[in-house]
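Worksheet: the structure to be examined is printed underneath.
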Amino acid sequence: MNGVKQLGGVTLSMGSPDQPDAYPRQAILEISTDGSSWQRVADLTGQADVEAVLPVGTSAGFLRLRATRAQPGTSLVIREFGVTPTVSSAGHIRSSLPTYQTYTIDRATDGDLSTYFWGSKGARVGDYLLLDLGAVRDLTGVHLQMSEPGVRPDDYLRQGVLEVSADGMTWERLGEFADQPEIKVTTTTSARYVRYRVTANQSDWAIIREFGATTAD
């Protein structure tokens, strides 16, 4: 990483089709601001693919994978190892998209469809919107309303996946979406985190009018 940055998550993919066991059976993900003092952020056990959400306010300049138990007789293959930054955040919502002028991220959870968050760049693969419900809740639905109808109808996230997680490490996919400025899904799963993750690059900026989840309690 180039300097200390606020981080949203860590992506790690290990092993390969011809070496599926080429990853440590136990490992620790650690971060550091100076490369000397390290903070543990996740323990990995038998996981070749990881997408971990980091606590709000986490900042670092270095990211490290430290193996604590290797698989005897195998090598280590890392296909991808990187971080997703947090550029916009407020309360229980955050995003890797930067804010345009005064169209702040808190507007995407204020319950008012006439206000919105406006990201100031075209989204790239891996960009995200993330809700933290504060605790594991029983979900009944997730909704995401984007664009500004009649004014900026093309300003929305064109392609992505909606995912939920109880621990920020293991994710369940609720659906894949393309060319849908308004998304509503029903579910009966339990989760703390709700994420929309971009899966295709786009040049248009994105307007997020509301992003939320309904719960049974």
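Residue numbering restarts at 1 in every chain; chains get A, B, ... in the order shown in the structure tokens, and ligands count up from 1 in that same order.
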For A:Gly57, find every residue with an atom within 10 Å (counting only C-alpha atoms), except residues of its own chain fewer than 6 positions away, and show them as a ChimeraX atom specification.
/A:5-8,86,89
Per-residue nearest contacts stretch 20-87 of chain A to stretch 170-188 of chain A, cut-off 9 Å, using only C-alpha atoms, as CSV:
```
residue,atom,partner,partner_atom,distance
A:Val50,CA,A:Thr170,CA,7.4
A:Glu51,CA,A:Thr170,CA,7.1
A:Ala52,CA,A:Thr170,CA,7.6
```
So that I can see what lies close to A:Ala206, please list as a compact mmCIF listing (two decimals) with N, CA and C atoms, in the first residue's frame the residues with an atom at most 7 Å from it, counting only C-alpha atoms and leaving out residues fewer than 5 positions away in the same chain.
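The file below, selection_5.txt, is the result:
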```txt
# COMPACT_ATOMS: atom_id res chain seq x y z
N TRP A 118 -23.76 10.50 -3.73
CA TRP A 118 -23.31 10.55 -5.12
C TRP A 118 -21.80 10.30 -5.13
N GLY A 119 -21.40 9.19 -5.71
CA GLY A 119 -19.99 8.87 -5.79
C GLY A 119 -19.31 9.65 -6.91
N SER A 147 -29.83 5.81 -8.84
CA SER A 147 -30.09 6.77 -9.91
C SER A 147 -31.06 7.86 -9.44
N ASP A 155 -27.10 7.07 -13.72
CA ASP A 155 -26.15 7.09 -12.61
C ASP A 155 -26.51 6.03 -11.56
N TYR A 156 -26.10 4.82 -11.83
CA TYR A 156 -26.31 3.73 -10.87
C TYR A 156 -25.25 2.65 -11.10
N LEU A 157 -25.12 1.75 -10.17
CA LEU A 157 -24.16 0.66 -10.27
C LEU A 157 -24.73 -0.39 -11.21
```
Got a sec to tell me which of stretch 32-148 of chain A DSSP assigns to helix (DSSP H, G or I), as a PyMOL selection string?
chain A and resi 105-109
Which residues are close to A:Ala27, i.e. within 8 Å by only C-alpha atoms, leaving aside same-chain residues fewer than 2 positions away? Reply as an NGL selection string.
:A and (24-25 or 29 or 43-45 or 65-69)
Write to file, as an mmCIF file, in the first residue's frame, the residues of the selection just made, with all heavy atoms.
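Saved the output as part_24.cif:
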```cif
data_model
loop_
_atom_site.group_PDB
_atom_site.id
_atom_site.type_symbol
_atom_site.label_atom_id
_atom_site.label_comp_id
_atom_site.auth_asym_id
_atom_site.auth_seq_id
_atom_site.Cartn_x
_atom_site.Cartn_y
_atom_site.Cartn_z
ATOM 1 N N PRO A 24 -1.838 -22.273 3.410
ATOM 2 C CA PRO A 24 -1.656 -22.713 4.798
ATOM 3 C C PRO A 24 -2.988 -23.090 5.435
ATOM 4 O O PRO A 24 -4.008 -22.451 5.175
ATOM 5 C CB PRO A 24 -1.035 -21.492 5.481
ATOM 6 C CG PRO A 24 -1.442 -20.336 4.632
ATOM 7 C CD PRO A 24 -1.507 -20.847 3.233
ATOM 8 N N ARG A 25 -2.963 -24.127 6.278
ATOM 9 C CA ARG A 25 -4.197 -24.566 6.926
ATOM 10 C C ARG A 25 -4.605 -23.650 8.071
ATOM 11 O O ARG A 25 -5.768 -23.558 8.425
ATOM 12 C CB ARG A 25 -4.039 -26.013 7.422
ATOM 13 C CG ARG A 25 -4.023 -27.025 6.281
ATOM 14 C CD ARG A 25 -5.297 -26.869 5.433
ATOM 15 N NE ARG A 25 -5.284 -27.709 4.242
ATOM 16 C CZ ARG A 25 -4.883 -27.315 3.054
ATOM 17 N NH1 ARG A 25 -4.430 -26.086 2.892
ATOM 18 N NH2 ARG A 25 -4.928 -28.107 2.015
ATOM 19 N N LEU A 29 -4.133 -12.876 9.436
ATOM 20 C CA LEU A 29 -4.037 -11.634 8.682
ATOM 21 C C LEU A 29 -3.724 -10.510 9.658
ATOM 22 O O LEU A 29 -4.401 -10.366 10.689
ATOM 23 C CB LEU A 29 -5.347 -11.334 7.954
ATOM 24 C CG LEU A 29 -5.621 -12.080 6.649
ATOM 25 C CD1 LEU A 29 -7.023 -11.763 6.163
ATOM 26 C CD2 LEU A 29 -4.599 -11.728 5.582
ATOM 27 N N ASP A 43 -8.288 -14.500 11.909
ATOM 28 C CA ASP A 43 -7.684 -15.827 11.986
ATOM 29 C C ASP A 43 -8.297 -16.688 10.894
ATOM 30 O O ASP A 43 -9.522 -16.758 10.771
ATOM 31 C CB ASP A 43 -7.931 -16.470 13.355
ATOM 32 C CG ASP A 43 -7.201 -15.749 14.474
ATOM 33 O OD1 ASP A 43 -5.960 -15.833 14.505
ATOM 34 O OD2 ASP A 43 -7.865 -15.092 15.293
ATOM 35 N N LEU A 44 -7.456 -17.355 10.120
ATOM 36 C CA LEU A 44 -7.917 -18.183 9.014
ATOM 37 C C LEU A 44 -7.659 -19.646 9.344
ATOM 38 O O LEU A 44 -6.549 -20.021 9.731
ATOM 39 C CB LEU A 44 -7.198 -17.820 7.719
ATOM 40 C CG LEU A 44 -7.131 -16.340 7.351
ATOM 41 C CD1 LEU A 44 -6.420 -16.157 6.025
ATOM 42 C CD2 LEU A 44 -8.514 -15.731 7.310
ATOM 43 N N THR A 45 -8.666 -20.462 9.176
ATOM 44 C CA THR A 45 -8.541 -21.903 9.398
ATOM 45 C C THR A 45 -9.172 -22.634 8.223
ATOM 46 O O THR A 45 -10.392 -22.591 8.043
ATOM 47 C CB THR A 45 -9.231 -22.341 10.708
ATOM 48 O OG1 THR A 45 -8.640 -21.640 11.805
ATOM 49 C CG2 THR A 45 -9.054 -23.833 10.927
ATOM 50 N N LEU A 65 0.107 -11.625 5.588
ATOM 51 C CA LEU A 65 -0.426 -12.954 5.850
ATOM 52 C C LEU A 65 0.685 -13.758 6.509
ATOM 53 O O LEU A 65 1.755 -13.943 5.930
ATOM 54 C CB LEU A 65 -0.858 -13.636 4.553
ATOM 55 C CG LEU A 65 -1.268 -15.109 4.670
ATOM 56 C CD1 LEU A 65 -2.585 -15.235 5.431
ATOM 57 C CD2 LEU A 65 -1.390 -15.752 3.286
ATOM 58 N N ARG A 66 0.429 -14.249 7.708
ATOM 59 C CA ARG A 66 1.438 -15.023 8.435
ATOM 60 C C ARG A 66 0.901 -16.426 8.700
ATOM 61 O O ARG A 66 -0.091 -16.600 9.420
ATOM 62 C CB ARG A 66 1.802 -14.336 9.748
ATOM 63 C CG ARG A 66 2.872 -15.056 10.558
ATOM 64 C CD ARG A 66 3.487 -14.131 11.598
ATOM 65 N NE ARG A 66 2.513 -13.611 12.532
ATOM 66 C CZ ARG A 66 2.150 -14.225 13.670
ATOM 67 N NH1 ARG A 66 2.668 -15.416 13.992
ATOM 68 N NH2 ARG A 66 1.265 -13.662 14.480
ATOM 69 N N ALA A 67 1.537 -17.422 8.080
ATOM 70 C CA ALA A 67 1.110 -18.807 8.240
ATOM 71 C C ALA A 67 1.536 -19.334 9.607
ATOM 72 O O ALA A 67 2.655 -19.096 10.054
ATOM 73 C CB ALA A 67 1.716 -19.672 7.144
ATOM 74 N N THR A 68 0.618 -20.040 10.277
ATOM 75 C CA THR A 68 0.938 -20.654 11.560
ATOM 76 C C THR A 68 0.890 -22.181 11.497
ATOM 77 O O THR A 68 1.363 -22.844 12.405
ATOM 78 C CB THR A 68 -0.046 -20.165 12.649
ATOM 79 O OG1 THR A 68 -1.396 -20.423 12.223
ATOM 80 C CG2 THR A 68 0.113 -18.670 12.872
ATOM 81 N N ARG A 69 0.303 -22.724 10.430
ATOM 82 C CA ARG A 69 0.369 -24.171 10.199
ATOM 83 C C ARG A 69 0.237 -24.419 8.705
ATOM 84 O O ARG A 69 -0.793 -24.126 8.115
ATOM 85 C CB ARG A 69 -0.734 -24.932 10.947
ATOM 86 C CG ARG A 69 -0.597 -26.460 10.798
ATOM 87 C CD ARG A 69 -1.483 -27.187 11.790
ATOM 88 N NE ARG A 69 -2.879 -27.124 11.444
ATOM 89 C CZ ARG A 69 -3.488 -27.974 10.616
ATOM 90 N NH1 ARG A 69 -2.811 -28.949 10.045
ATOM 91 N NH2 ARG A 69 -4.777 -27.849 10.372
#
```
Could you pull out all residues of stretch 42-199 of chain A with a DSSP call of strand (DSSP E) and give them as a PyMOL selection string?
chain A and resi 42-45+49-53+59-60+62-69+78-85+88-90+93-95+117-118+128-146+159-165+172-178+182-186+190-198
Pick the closest to A:Met169 from A:Leu63, A:Ala22, A:Val151, A:Val41: which is it, counting only C-alpha atoms?
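Among A:Leu63, A:Ala22, A:Val151, A:Val41, it is A:Val41 that comes nearest to A:Met169.
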Shortest interatomic distance to A:Leu76 - which of A:Leu133, A:Met14, A:Ala123, A:Leu113, counting only C-alpha atoms:
A:Met14
If you take only C-alpha atoms and a cut-off of 12 Å, which residues of stretch 7-118 of chain A touch stretch 207-214 of chain A, and what are their nearest atom pairs and distances in Å to one decimal, in chain and number order, as a Markdown table?
```
| residue | atom | partner | partner_atom | distance |
| --- | --- | --- | --- | --- |
| A:His92 | CA | A:Gly212 | CA | 10.3 |
| A:Ile93 | CA | A:Phe211 | CA | 8.8 |
| A:Arg94 | CA | A:Phe211 | CA | 10.8 |
| A:Ser95 | CA | A:Ile208 | CA | 10.8 |
| A:Leu97 | CA | A:Ile207 | CA | 10.6 |
| A:Pro98 | CA | A:Ile207 | CA | 11.7 |
| A:Thr99 | CA | A:Ile207 | CA | 10.3 |
| A:Tyr100 | CA | A:Ile207 | CA | 10.0 |
| A:Tyr103 | CA | A:Ile207 | CA | 9.1 |
| A:Thr104 | CA | A:Ile208 | CA | 10.0 |
| A:Ile105 | CA | A:Ile208 | CA | 8.4 |
| A:Asp106 | CA | A:Glu210 | CA | 9.6 |
| A:Arg107 | CA | A:Arg209 | CA | 7.1 |
| A:Ala108 | CA | A:Glu210 | CA | 4.4 |
| A:Thr109 | CA | A:Glu210 | CA | 5.5 |
| A:Asp110 | CA | A:Glu210 | CA | 7.5 |
| A:Gly111 | CA | A:Glu210 | CA | 6.8 |
| A:Asp112 | CA | A:Glu210 | CA | 7.5 |
| A:Leu113 | CA | A:Arg209 | CA | 5.4 |
| A:Ser114 | CA | A:Arg209 | CA | 7.1 |
| A:Thr115 | CA | A:Arg209 | CA | 6.1 |
| A:Tyr116 | CA | A:Arg209 | CA | 4.2 |
| A:Phe117 | CA | A:Ile208 | CA | 5.1 |
| A:Trp118 | CA | A:Ile207 | CA | 4.5 |
```
Residue nearest A:Asp21 - candidates A:Thr189, A:Gln71, A:Ser165, A:Asn201, atoms counted: only C-alpha atoms:
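Going through A:Thr189, A:Gln71, A:Ser165, A:Asn201 one by one, the smallest distance to A:Asp21 is for A:Gln71.
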Residue nearest A:Val198 among A:Ser13, A:Gln47, A:Thr84, A:Gln101 (counting only C-alpha atoms)
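Between A:Ser13, A:Gln47, A:Thr84, A:Gln101, the residue approaching A:Val198 most closely is A:Thr84.
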Using only C-alpha atoms, can you tell me which of A:Ser96, A:Thr102, A:Asn2, A:Ser32 comes closest to A:Arg195?
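Nearest candidate to A:Arg195 out of A:Ser96, A:Thr102, A:Asn2, A:Ser32: A:Ser96.
Computed from the coordinates, the atom CA of A:Ser59 to atom CA of A:Glu80 distance equals 20.4 Å.
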Pick from A:Met146, A:Ala60, A:Val161, A:Leu130, whichever lies nearest to A:Ser36 using only C-alpha atoms:
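Using only C-alpha atoms, A:Ser36 sits closest to A:Ala60.
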Please measure the separation of atom CA of A:Asp167 and atom CA of A:Asp49, giving the value in Å to one decimal.
14.8 Å
